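model.pdb (PDB, C-alpha atoms) appears below.
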ATOM      1  CA  MET A   1     261.046 -33.509 125.864
ATOM      2  CA  SER A   2     260.268 -33.708 129.579
ATOM      3  CA  GLU A   3     258.980 -30.834 131.672
ATOM      4  CA  SER A   4     262.327 -30.494 133.372
ATOM      5  CA  ALA A   5     264.233 -30.241 130.120
ATOM      6  CA  VAL A   6     265.693 -26.853 129.264
ATOM      7  CA  ARG A   7     266.261 -25.619 125.735
ATOM      8  CA  SER A   8     268.686 -22.693 125.507
ATOM      9  CA  VAL A   9     268.666 -20.238 122.648
ATOM     10  CA  ALA A  10     272.005 -18.451 122.261
ATOM     11  CA  THR A  11     273.535 -15.809 120.064
ATOM     12  CA  PRO A  12     276.509 -13.542 120.880
ATOM     13  CA  ASP A  13     275.481 -10.273 122.527
ATOM     14  CA  GLY A  14     276.752  -7.153 120.813
ATOM     15  CA  GLY A  15     277.193  -3.889 122.720
ATOM     16  CA  PHE A  16     278.567  -0.363 122.776
ATOM     17  CA  ALA A  17     281.627   0.901 124.608
ATOM     18  CA  ASP A  18     279.846   3.832 126.249
ATOM     19  CA  PRO A  19     276.680   5.958 125.999
ATOM     20  CA  GLY A  20     278.366   8.304 123.538
ATOM     21  CA  GLU A  21     278.944   5.480 121.069
ATOM     22  CA  LEU A  22     275.306   4.425 121.382
ATOM     23  CA  ALA A  23     274.157   8.029 120.898
ATOM     24  CA  ALA A  24     276.189   8.312 117.696
ATOM     25  CA  ALA A  25     274.680   5.092 116.363
ATOM     26  CA  LEU A  26     271.138   6.215 117.208
ATOM     27  CA  GLU A  27     271.695   9.596 115.588
ATOM     28  CA  ALA A  28     273.018   7.879 112.452
ATOM     29  CA  SER A  29     269.782   5.872 112.329
ATOM     30  CA  GLY A  30     267.714   9.066 112.493
ATOM     31  CA  TYR A  31     266.776   8.958 116.185
ATOM     32  CA  LEU A  32     268.125  11.906 118.183
ATOM     33  CA  PRO A  33     268.033  11.120 121.928
ATOM     34  CA  ASP A  34     269.077  13.428 124.732
ATOM     35  CA  GLU A  35     271.855  12.495 127.137
ATOM     36  CA  GLY A  36     269.567  11.090 129.828
ATOM     37  CA  LEU A  37     267.696   8.800 127.449
ATOM     38  CA  THR A  38     270.918   7.588 125.841
ATOM     39  CA  THR A  39     272.358   6.718 129.239
ATOM     40  CA  ALA A  40     269.211   4.820 130.246
ATOM     41  CA  ALA A  41     269.220   2.830 126.990
ATOM     42  CA  TYR A  42     272.945   2.060 127.328
ATOM     43  CA  LEU A  43     272.495   0.801 130.885
ATOM     44  CA  ALA A  44     269.537  -1.350 129.837
ATOM     45  CA  LEU A  45     271.770  -3.001 127.239
ATOM     46  CA  ALA A  46     274.793  -3.388 129.502
ATOM     47  CA  MET A  47     272.902  -4.549 132.603
ATOM     48  CA  HIS A  48     270.316  -6.712 130.789
ATOM     49  CA  ARG A  49     267.527  -4.820 132.533
ATOM     50  CA  PRO A  50     264.164  -3.871 131.027
ATOM     51  CA  LEU A  51     263.759  -0.184 130.191
ATOM     52  CA  PHE A  52     260.477   1.395 131.269
ATOM     53  CA  LEU A  53     259.670   4.519 129.243
ATOM     54  CA  GLU A  54     256.844   6.755 130.362
ATOM     55  CA  GLY A  55     255.546   9.966 128.826
ATOM     56  CA  GLU A  56     252.846  11.478 126.685
ATOM     57  CA  ALA A  57     251.928   9.868 123.391
ATOM     58  CA  GLY A  58     254.146  10.899 120.521
ATOM     59  CA  VAL A  59     257.374  11.683 122.374
ATOM     60  CA  GLY A  60     259.352   8.841 120.760
ATOM     61  CA  LYS A  61     259.037   5.874 123.128
ATOM     62  CA  THR A  62     258.129   3.292 120.505
ATOM     63  CA  ALA A  63     260.555   4.828 118.019
ATOM     64  CA  LEU A  64     263.423   4.315 120.468
ATOM     65  CA  ALA A  65     262.797   0.557 120.585
ATOM     66  CA  GLN A  66     262.752   0.460 116.793
ATOM     67  CA  ALA A  67     265.984   2.456 116.612
ATOM     68  CA  LEU A  68     267.677   0.216 119.200
ATOM     69  CA  ALA A  69     266.760  -2.842 117.160
ATOM     70  CA  GLN A  70     268.270  -1.203 114.092
ATOM     71  CA  VAL A  71     271.571  -0.138 115.668
ATOM     72  CA  THR A  72     272.096  -3.444 117.512
ATOM     73  CA  GLY A  73     271.147  -5.549 114.501
ATOM     74  CA  ARG A  74     268.577  -7.430 116.574
ATOM     75  CA  PRO A  75     265.107  -8.515 115.445
ATOM     76  CA  LEU A  76     262.266  -6.514 116.975
ATOM     77  CA  TYR A  77     259.198  -8.221 118.444
ATOM     78  CA  ARG A  78     256.321  -5.963 119.401
ATOM     79  CA  LEU A  79     253.549  -6.790 121.833
ATOM     80  CA  GLN A  80     250.765  -4.204 121.603
ATOM     81  CA  CYS A  81     248.886  -4.166 124.904
ATOM     82  CA  TYR A  82     245.152  -3.578 125.249
ATOM     83  CA  GLU A  83     242.408  -4.219 127.746
ATOM     84  CA  GLY A  84     241.581  -7.923 127.929
ATOM     85  CA  LEU A  85     244.951  -9.096 126.591
ATOM     86  CA  GLU A  86     245.528 -12.696 127.692
ATOM     87  CA  ALA A  87     248.722 -14.624 128.285
ATOM     88  CA  SER A  88     248.066 -16.959 125.347
ATOM     89  CA  GLN A  89     247.954 -13.971 122.985
ATOM     90  CA  ALA A  90     251.320 -12.763 124.237
ATOM     91  CA  LEU A  91     253.095 -16.042 124.884
ATOM     92  CA  TYR A  92     252.051 -18.984 122.709
ATOM     93  CA  ASP A  93     249.072 -20.967 121.552
ATOM     94  CA  TRP A  94     248.505 -24.304 119.849
ATOM     95  CA  ASP A  95     247.427 -24.436 116.212
ATOM     96  CA  PHE A  96     244.280 -26.518 116.713
ATOM     97  CA  GLY A  97     243.470 -26.528 113.005
ATOM     98  CA  ARG A  98     246.786 -28.144 112.054
ATOM     99  CA  GLN A  99     246.557 -30.548 114.992
ATOM    100  CA  LEU A 100     243.147 -31.696 113.749
ATOM    101  CA  LEU A 101     244.481 -32.210 110.226
ATOM    102  CA  HIS A 102     247.382 -34.206 111.651
ATOM    103  CA  LEU A 103     244.967 -36.380 113.620
ATOM    104  CA  ARG A 104     242.801 -37.021 110.558
ATOM    105  CA  ALA A 105     245.893 -37.914 108.515
ATOM    106  CA  ALA A 106     246.932 -40.402 111.193
ATOM    107  CA  GLU A 107     243.451 -41.927 111.166
ATOM    108  CA  ALA A 108     243.516 -42.225 107.368
ATOM    109  CA  ALA A 109     246.887 -43.980 107.588
ATOM    110  CA  HIS A 110     245.550 -46.286 110.316
ATOM    111  CA  ALA A 111     248.330 -45.027 112.639
ATOM    112  CA  THR A 112     246.150 -44.555 115.700
ATOM    113  CA  SER A 113     246.897 -47.779 117.558
ATOM    114  CA  ASP A 114     249.658 -46.212 119.668
ATOM    115  CA  THR A 115     247.551 -43.554 121.376
ATOM    116  CA  GLU A 116     250.383 -42.319 123.591
ATOM    117  CA  SER A 117     252.663 -41.610 120.631
ATOM    118  CA  LEU A 118     249.801 -40.052 118.695
ATOM    119  CA  GLU A 119     248.961 -37.741 121.566
ATOM    120  CA  ALA A 120     252.613 -36.737 121.940
ATOM    121  CA  SER A 121     252.852 -35.999 118.211
ATOM    122  CA  LEU A 122     249.929 -33.572 118.489
ATOM    123  CA  TYR A 123     252.068 -31.363 120.730
ATOM    124  CA  ASP A 124     255.105 -31.238 118.517
ATOM    125  CA  ARG A 125     256.915 -27.903 118.175
ATOM    126  CA  ARG A 126     255.650 -27.467 114.619
ATOM    127  CA  PHE A 127     252.112 -27.037 115.950
ATOM    128  CA  LEU A 128     253.099 -24.285 118.365
ATOM    129  CA  LEU A 129     252.190 -20.698 117.460
ATOM    130  CA  ALA A 130     254.822 -18.470 119.024
ATOM    131  CA  ARG A 131     253.613 -15.043 120.145
ATOM    132  CA  PRO A 132     255.907 -12.012 120.746
ATOM    133  CA  LEU A 133     257.166 -13.013 124.215
ATOM    134  CA  LEU A 134     258.176 -16.514 123.126
ATOM    135  CA  GLN A 135     259.562 -15.239 119.815
ATOM    136  CA  ALA A 136     261.803 -12.779 121.653
ATOM    137  CA  LEU A 137     263.246 -15.531 123.848
ATOM    138  CA  GLU A 138     263.758 -17.990 121.002
ATOM    139  CA  ASP A 139     265.358 -15.472 118.640
ATOM    140  CA  SER A 140     268.034 -14.357 121.080
ATOM    141  CA  PRO A 141     269.376 -11.714 121.351
ATOM    142  CA  SER A 142     266.427  -9.602 120.331
ATOM    143  CA  VAL A 143     264.506  -6.449 121.215
ATOM    144  CA  LEU A 144     261.104  -6.933 122.823
ATOM    145  CA  LEU A 145     258.776  -3.931 122.744
ATOM    146  CA  VAL A 146     255.865  -4.134 125.183
ATOM    147  CA  ASP A 147     253.899  -1.150 123.938
ATOM    148  CA  GLU A 148     251.386   0.756 126.089
ATOM    149  CA  VAL A 149     251.563  -1.653 129.014
ATOM    150  CA  ASP A 150     249.303   0.717 130.956
ATOM    151  CA  ARG A 151     246.394  -0.376 128.756
ATOM    152  CA  ALA A 152     246.641  -4.011 129.854
ATOM    153  CA  ASP A 153     244.831  -5.452 132.876
ATOM    154  CA  ASP A 154     246.390  -5.981 136.301
ATOM    155  CA  GLU A 155     246.358  -9.748 135.751
ATOM    156  CA  PHE A 156     248.443  -9.479 132.602
ATOM    157  CA  GLU A 157     250.834  -7.106 134.326
ATOM    158  CA  ALA A 158     251.415  -9.726 137.043
ATOM    159  CA  PHE A 159     252.041 -12.383 134.370
ATOM    160  CA  LEU A 160     254.506 -10.099 132.588
ATOM    161  CA  LEU A 161     256.350  -9.525 135.844
ATOM    162  CA  GLU A 162     256.870 -13.276 136.185
ATOM    163  CA  VAL A 163     258.236 -13.624 132.651
ATOM    164  CA  LEU A 164     260.628 -10.680 133.025
ATOM    165  CA  SER A 165     262.004 -11.964 136.312
ATOM    166  CA  ASP A 166     264.089 -14.748 134.729
ATOM    167  CA  PHE A 167     263.330 -14.623 130.984
ATOM    168  CA  THR A 168     262.131 -18.213 130.871
ATOM    169  CA  ILE A 169     258.895 -19.716 129.617
ATOM    170  CA  SER A 170     257.646 -23.153 130.616
ATOM    171  CA  ILE A 171     255.576 -25.065 128.086
ATOM    172  CA  PRO A 172     254.233 -28.208 129.787
ATOM    173  CA  GLU A 173     254.305 -30.290 126.602
ATOM    174  CA  LEU A 174     257.792 -29.182 125.477
ATOM    175  CA  GLY A 175     259.772 -28.063 128.505
ATOM    176  CA  THR A 176     261.363 -24.768 129.461
ATOM    177  CA  ILE A 177     262.661 -22.255 126.959
ATOM    178  CA  ARG A 178     265.327 -19.856 128.185
ATOM    179  CA  ALA A 179     267.152 -17.115 126.307
ATOM    180  CA  GLN A 180     270.863 -17.312 127.076
ATOM    181  CA  THR A 181     271.079 -13.605 126.269
ATOM    182  CA  PRO A 182     268.060 -11.802 127.738
ATOM    183  CA  PRO A 183     266.213  -9.686 125.185
ATOM    184  CA  LEU A 184     266.439  -5.939 125.452
ATOM    185  CA  VAL A 185     262.967  -5.216 126.784
ATOM    186  CA  VAL A 186     261.434  -1.784 126.264
ATOM    187  CA  LEU A 187     258.124  -1.159 128.016
ATOM    188  CA  THR A 188     256.181   1.989 127.190
ATOM    189  CA  SER A 189     253.368   3.717 129.038
ATOM    190  CA  ASN A 190     251.280   6.790 128.236
ATOM    191  CA  ARG A 191     250.293   6.871 131.904
ATOM    192  CA  THR A 192     246.598   6.305 131.329
ATOM    193  CA  ARG A 193     246.845   4.487 134.657
ATOM    194  CA  GLU A 194     249.605   3.850 137.166
ATOM    195  CA  VAL A 195     251.646   0.715 136.554
ATOM    196  CA  HIS A 196     252.354  -1.328 139.679
ATOM    197  CA  ASP A 197     255.582  -0.614 141.541
ATOM    198  CA  ALA A 198     256.564  -4.305 141.393
ATOM    199  CA  LEU A 199     256.918  -4.099 137.614
ATOM    200  CA  LYS A 200     258.732  -0.765 137.708
ATOM    201  CA  ARG A 201     261.233  -2.128 140.238
ATOM    202  CA  ARG A 202     262.296  -4.721 137.680
ATOM    203  CA  CYS A 203     263.143  -1.953 135.210
ATOM    204  CA  LEU A 204     265.305   1.061 134.613
ATOM    205  CA  TYR A 205     262.974   4.057 134.409
ATOM    206  CA  HIS A 206     263.029   7.126 132.190
ATOM    207  CA  TRP A 207     260.462   9.847 131.644
ATOM    208  CA  LEU A 208     260.363  11.194 128.081
ATOM    209  CA  GLN A 209     259.406  14.789 127.480
ATOM    210  CA  HIS A 210     258.694  16.598 124.276
ATOM    211  CA  PRO A 211     262.001  17.756 122.766
ATOM    212  CA  ASP A 212     263.120  21.333 123.092
ATOM    213  CA  PHE A 213     262.942  23.606 120.062
ATOM    214  CA  ASP A 214     266.440  22.992 118.690
ATOM    215  CA  ARG A 215     266.192  19.222 119.088
ATOM    216  CA  GLU A 216     262.802  19.094 117.401
ATOM    217  CA  VAL A 217     264.118  21.111 114.476
ATOM    218  CA  ALA A 218     267.058  18.714 114.229
ATOM    219  CA  ILE A 219     264.679  15.726 114.274
ATOM    220  CA  LEU A 220     262.528  17.222 111.516
ATOM    221  CA  ARG A 221     265.563  18.026 109.401
ATOM    222  CA  SER A 222     267.038  14.568 109.950
ATOM    223  CA  ARG A 223     263.870  12.605 109.222
ATOM    224  CA  LEU A 224     262.517  14.938 106.520
ATOM    225  CA  PRO A 225     265.520  16.259 104.568
ATOM    226  CA  GLN A 226     263.228  17.462 101.785
ATOM    227  CA  VAL A 227     261.619  20.008 104.111
ATOM    228  CA  THR A 228     263.256  23.449 104.162
ATOM    229  CA  GLU A 229     264.961  24.548 107.355
ATOM    230  CA  GLN A 230     262.653  27.542 107.624
ATOM    231  CA  LEU A 231     259.568  25.340 107.405
ATOM    232  CA  ALA A 232     261.040  22.902 109.960
ATOM    233  CA  ARG A 233     261.730  25.736 112.391
ATOM    234  CA  GLU A 234     258.293  27.275 111.995
ATOM    235  CA  VAL A 235     256.527  23.913 112.347
ATOM    236  CA  ALA A 236     258.554  23.174 115.494
ATOM    237  CA  ARG A 237     257.704  26.607 116.915
ATOM    238  CA  ALA A 238     253.983  26.288 116.131
ATOM    239  CA  THR A 239     253.842  22.722 117.488
ATOM    240  CA  ALA A 240     255.451  23.914 120.713
ATOM    241  CA  LYS A 241     252.769  26.617 120.995
ATOM    242  CA  LEU A 242     250.035  24.036 120.446
ATOM    243  CA  ARG A 243     251.444  21.983 123.325
ATOM    244  CA  THR A 244     250.975  24.908 125.688
ATOM    245  CA  LEU A 245     247.230  24.916 125.017
ATOM    246  CA  ASP A 246     244.831  22.788 127.005
ATOM    247  CA  LEU A 247     244.201  20.347 124.157
ATOM    248  CA  LEU A 248     242.673  16.889 124.428
ATOM    249  CA  LYS A 249     245.679  15.469 122.557
ATOM    250  CA  PRO A 250     248.780  17.688 122.414
ATOM    251  CA  PRO A 251     250.782  16.950 119.263
ATOM    252  CA  GLY A 252     253.886  14.794 119.546
ATOM    253  CA  ILE A 253     256.933  14.510 117.332
ATOM    254  CA  ALA A 254     255.128  12.147 114.958
ATOM    255  CA  GLU A 255     252.354  14.721 114.427
ATOM    256  CA  ALA A 256     254.920  17.467 113.847
ATOM    257  CA  MET A 257     256.532  15.292 111.175
ATOM    258  CA  ASP A 258     253.149  14.595 109.561
ATOM    259  CA  TRP A 259     252.365  18.309 109.543
ATOM    260  CA  ALA A 260     255.688  19.267 107.994
ATOM    261  CA  THR A 261     255.244  16.542 105.362
ATOM    262  CA  ALA A 262     251.721  17.725 104.536
ATOM    263  CA  LEU A 263     252.873  21.314 104.182
ATOM    264  CA  HIS A 264     255.800  20.289 101.999
ATOM    265  CA  THR A 265     253.486  18.174  99.838
ATOM    266  CA  LEU A 266     251.412  21.292  99.204
ATOM    267  CA  GLY A 267     254.534  23.167  98.136
ATOM    268  CA  ALA A 268     254.946  25.274 101.267
ATOM    269  CA  ARG A 269     258.437  26.492 102.109
ATOM    270  CA  ASP A 270     257.337  28.291 105.255
ATOM    271  CA  LEU A 271     254.345  28.156 107.572
ATOM    272  CA  ASP A 272     251.761  30.185 105.688
ATOM    273  CA  PRO A 273     248.780  30.738 108.067
ATOM    274  CA  ASP A 274     246.133  29.812 105.487
ATOM    275  CA  VAL A 275     247.854  26.573 104.439
ATOM    276  CA  ALA A 276     248.605  25.756 108.072
ATOM    277  CA  ALA A 277     244.940  26.159 109.013
ATOM    278  CA  ARG A 278     243.880  23.834 106.181
ATOM    279  CA  THR A 279     246.313  21.123 107.259
ATOM    280  CA  LEU A 280     245.525  21.044 110.967
ATOM    281  CA  GLY A 281     244.188  17.522 110.522
ATOM    282  CA  ALA A 282     247.788  16.333 110.244
ATOM    283  CA  VAL A 283     248.701  17.630 113.695
ATOM    284  CA  LEU A 284     245.422  17.659 115.660
ATOM    285  CA  LYS A 285     243.260  14.551 116.022
ATOM    286  CA  TYR A 286     240.160  15.812 117.839
ATOM    287  CA  ARG A 287     237.416  18.065 116.519
ATOM    288  CA  GLU A 288     237.377  20.071 119.753
ATOM    289  CA  ASP A 289     241.090  20.791 119.422
ATOM    290  CA  THR A 290     240.749  21.789 115.765
ATOM    291  CA  ASP A 291     237.813  24.091 116.495
ATOM    292  CA  ARG A 292     239.689  25.747 119.311
ATOM    293  CA  VAL A 293     242.801  26.390 117.246
ATOM    294  CA  HIS A 294     240.753  27.651 114.296
ATOM    295  CA  GLY A 295     239.096  30.090 116.656
ATOM    296  CA  MET A 296     242.404  31.620 117.693
ATOM    297  CA  VAL A 297     244.049  34.555 116.042
ATOM    298  CA  ARG A 298     246.142  32.955 113.321
ATOM    299  CA  GLY A 299     248.982  35.378 113.623
ATOM    300  CA  ALA A 300     249.443  34.596 117.313
ATOM    301  CA  LEU A 301     249.788  30.883 116.587
ATOM    302  CA  PHE A 302     251.453  30.610 113.198
ATOM    303  CA  GLY A 303     253.286  33.879 112.818
ATOM    304  CA  GLY A 304     256.801  34.861 113.714
TER     305      GLY A 304
END
Is it possible to express this structure as structure tokens?
Amino acid sequence: MSESAVRSVATPDGGFADPGELAAALEASGYLPDEGLTTAAYLALAMHRPLFLEGEAGVGKTALAQALAQVTGRPLYRLQCYEGLEASQALYDWDFGRQLLHLRAAEAAHATSDTESLEASLYDRRFLLARPLLQALEDSPSVLLVDEVDRADDEFEAFLLEVLSDFTISIPELGTIRAQTPPLVVLTSNRTREVHDALKRRCLYHWLQHPDFDREVAILRSRLPQVTEQLAREVARATAKLRTLDLLKPPGIAEAMDWATALHTLGARDLDPDVAARTLGAVLKYREDTDRVHGMVRGALFGG
């Protein structure tokens, strides 16, 4: 295929009539969004725009992408960002091991006289290792989760901006791959650094906060039906108190769920202070935070 050739990947794009219909589907899957988040997700689907979610760790950013993949019936491709991430690790790479085996097989079969054809065969599609960005375009429509984009370098952020501008990828040896239906892209950031405005302008933006008390209780009851309502309410109340402290890592929803599960596993039906103190490792992840909470008056934190 020439460089100018274009290969389209198409599948019908499903949708929802309005944000309320999407909210009902998400709630049925176990994800309970508020009205603002539901509206942002609905618009991202309807407008084919990336959704940029920012907020503290553990507020449900990654879980939303997973829930959207579930309710839309789309495959989910996740790109976990980190410092030093390169384009080849996100886009595609060539399987040099298989190419070498192919070359040796051609030599053994004495099929090396036509060097041009042999070279072309080395860059056949079967030797291409598709990474999350390419996978999301090829398997269209899909959900692409770019997780913790704030941990990537500026150079990768600029590359990502280029890909998201038209949802096409050019592979010199194969041509251009374009998704007829753009993937639903969800980018998350814990705000460890500021993401460039150029990337944010490409996206719909939403800031996720920790849920209020009633919503967190509903989440715990929905995701952990085996946990008593009293225990769910007391865990939600205690977790909310922990978030008001100046901790190195305030607990998110995931930690609240882990804590409730740990307490239930130990047979607790309510938040007994002694059992709660012994299970702090499920909700707090730093020694300094654990020491500080242990040093507090238990009744003030776990009671009532």
To test the calculation: enclose all listed atoms of stretch 175-180 of chain A in a box whose edges run along x, y and z, add 3 Å on each side, then state centre and edge lengths in Å to one decimal, as lines of an AutoDock Vina configuration file.
center_x = 265.3
center_y = -22.6
center_z = 127.9
size_x = 17.1
size_y = 16.9
size_z = 9.2
Show me, as a VMD selection string, the residues that have an atom within 10 Å of A:Ala254 when counting all atoms listed in the file, minus same-chain residues fewer than 4 positions from it.
chain A and resid 57 to 60 63 220 258 to 260 282 to 283
Nearest residue to A:Leu263 out of A:Asp246, A:Glu56, A:Glu216, A:Glu234, using all atoms listed in the file?
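Among the listed residues, the smallest separation from A:Leu263 belongs to A:Glu234.
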Near A:Ala158, within 8 Å and counting only C-alpha atoms, which residues show up once chain neighbours fewer than 4 positions away are dropped, as a ChimeraX atom specification?
/A:154,162,199
Please provide as a PyMOL selection string all residues within 12 Å of stretch 67-73 of chain A, with the sequence filter that same-chain residues fewer than 5 positions apart are discarded (counting only C-alpha atoms).
chain A and resi 11-16+21-33+37-38+41-42+44-45+51+60-62+78+136+140-145+183-186
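Closest approach to A:Lys249 among A:Leu284, A:Val217, A:Ala236, A:Cys203 is made by A:Leu284 (distances from all atoms listed in the file).
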Could you expand the PyMOL selection byres ((chain A and resi 148-150) around 10) into the explicit residues it covers here, written as a short mmCIF file (atom, residue, chain, number, x, y, z; two decimals) with C-alpha atoms, in the frame of the given file?
data_model
loop_
_atom_site.label_atom_id
_atom_site.label_comp_id
_atom_site.auth_asym_id
_atom_site.auth_seq_id
_atom_site.Cartn_x
_atom_site.Cartn_y
_atom_site.Cartn_z
CA PHE A 52 260.48 1.40 131.27
CA LEU A 53 259.67 4.52 129.24
CA GLU A 54 256.84 6.76 130.36
CA ALA A 57 251.93 9.87 123.39
CA LYS A 61 259.04 5.87 123.13
CA THR A 62 258.13 3.29 120.50
CA LEU A 79 253.55 -6.79 121.83
CA GLN A 80 250.76 -4.20 121.60
CA CYS A 81 248.89 -4.17 124.90
CA TYR A 82 245.15 -3.58 125.25
CA GLU A 83 242.41 -4.22 127.75
CA LEU A 145 258.78 -3.93 122.74
CA VAL A 146 255.86 -4.13 125.18
CA ASP A 147 253.90 -1.15 123.94
CA ARG A 151 246.39 -0.38 128.76
CA ALA A 152 246.64 -4.01 129.85
CA ASP A 153 244.83 -5.45 132.88
CA ASP A 154 246.39 -5.98 136.30
CA PHE A 156 248.44 -9.48 132.60
CA GLU A 157 250.83 -7.11 134.33
CA LEU A 160 254.51 -10.10 132.59
CA LEU A 187 258.12 -1.16 128.02
CA THR A 188 256.18 1.99 127.19
CA SER A 189 253.37 3.72 129.04
CA ASN A 190 251.28 6.79 128.24
CA ARG A 191 250.29 6.87 131.90
CA THR A 192 246.60 6.30 131.33
CA ARG A 193 246.84 4.49 134.66
CA GLU A 194 249.60 3.85 137.17
CA VAL A 195 251.65 0.72 136.55
CA HIS A 196 252.35 -1.33 139.68
#
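Our summary of the geometry notes that atom CA of A:Arg243 is positioned 9.1 Å from atom CA of A:His210.
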Starting from the displayed file, determine the output of the PyMOL selection byres ((chain A and resi 233) around 12) and express the residue list as a ChimeraX atom specification.
/A:212-221,227-232,234-240,256-257,260,269-271,302-304
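We find atom CA of A:Leu245 and atom CA of A:Tyr205 to be spaced 27.8 Å apart.
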Between A:Leu248, A:Glu155, A:Leu242, A:Asp93, which one has atoms that come closest to A:Glu173, using all atoms listed in the file?
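Counting all atoms listed in the file, the residue closest to A:Glu173 is A:Asp93.
Pairwise distance (atom CA of A:Gln99, atom CA of A:Tyr123) equals 8.0 Å.
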Taking 6 positions as the minimum chain separation for residues in the same chain, which residues sit within 12 Å of A:Leu128 when counting all atoms listed in the file? Answer as a ChimeraX atom specification.
/A:88,91-99,121-122,134-135,171,173-174
Selected residues written out, C-alpha atoms, as a CSV table (one decimal), keeping the file's coordinate frame:
chain,number,residue,atom,x,y,z
A,88,SER,CA,248.1,-17.0,125.3
A,91,LEU,CA,253.1,-16.0,124.9
A,92,TYR,CA,252.1,-19.0,122.7
A,93,ASP,CA,249.1,-21.0,121.6
A,94,TRP,CA,248.5,-24.3,119.8
A,95,ASP,CA,247.4,-24.4,116.2
A,96,PHE,CA,244.3,-26.5,116.7
A,97,GLY,CA,243.5,-26.5,113.0
A,98,ARG,CA,246.8,-28.1,112.1
A,99,GLN,CA,246.6,-30.5,115.0
A,121,SER,CA,252.9,-36.0,118.2
A,122,LEU,CA,249.9,-33.6,118.5
A,134,LEU,CA,258.2,-16.5,123.1
A,135,GLN,CA,259.6,-15.2,119.8
A,171,ILE,CA,255.6,-25.1,128.1
A,173,GLU,CA,254.3,-30.3,126.6
A,174,LEU,CA,257.8,-29.2,125.5
Among listed residues A:Leu118, A:Leu164, A:Leu224, A:Leu247, nearest A:Lys285 (using all atoms listed in the file)
A:Leu247
I'd like to know which of A:Arg287, A:Ser117, A:Gln226, A:Pro251 is closest to A:Ala268, using only C-alpha atoms.
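Residue with the minimum atom-to-atom distance to A:Ala268: A:Gln226.
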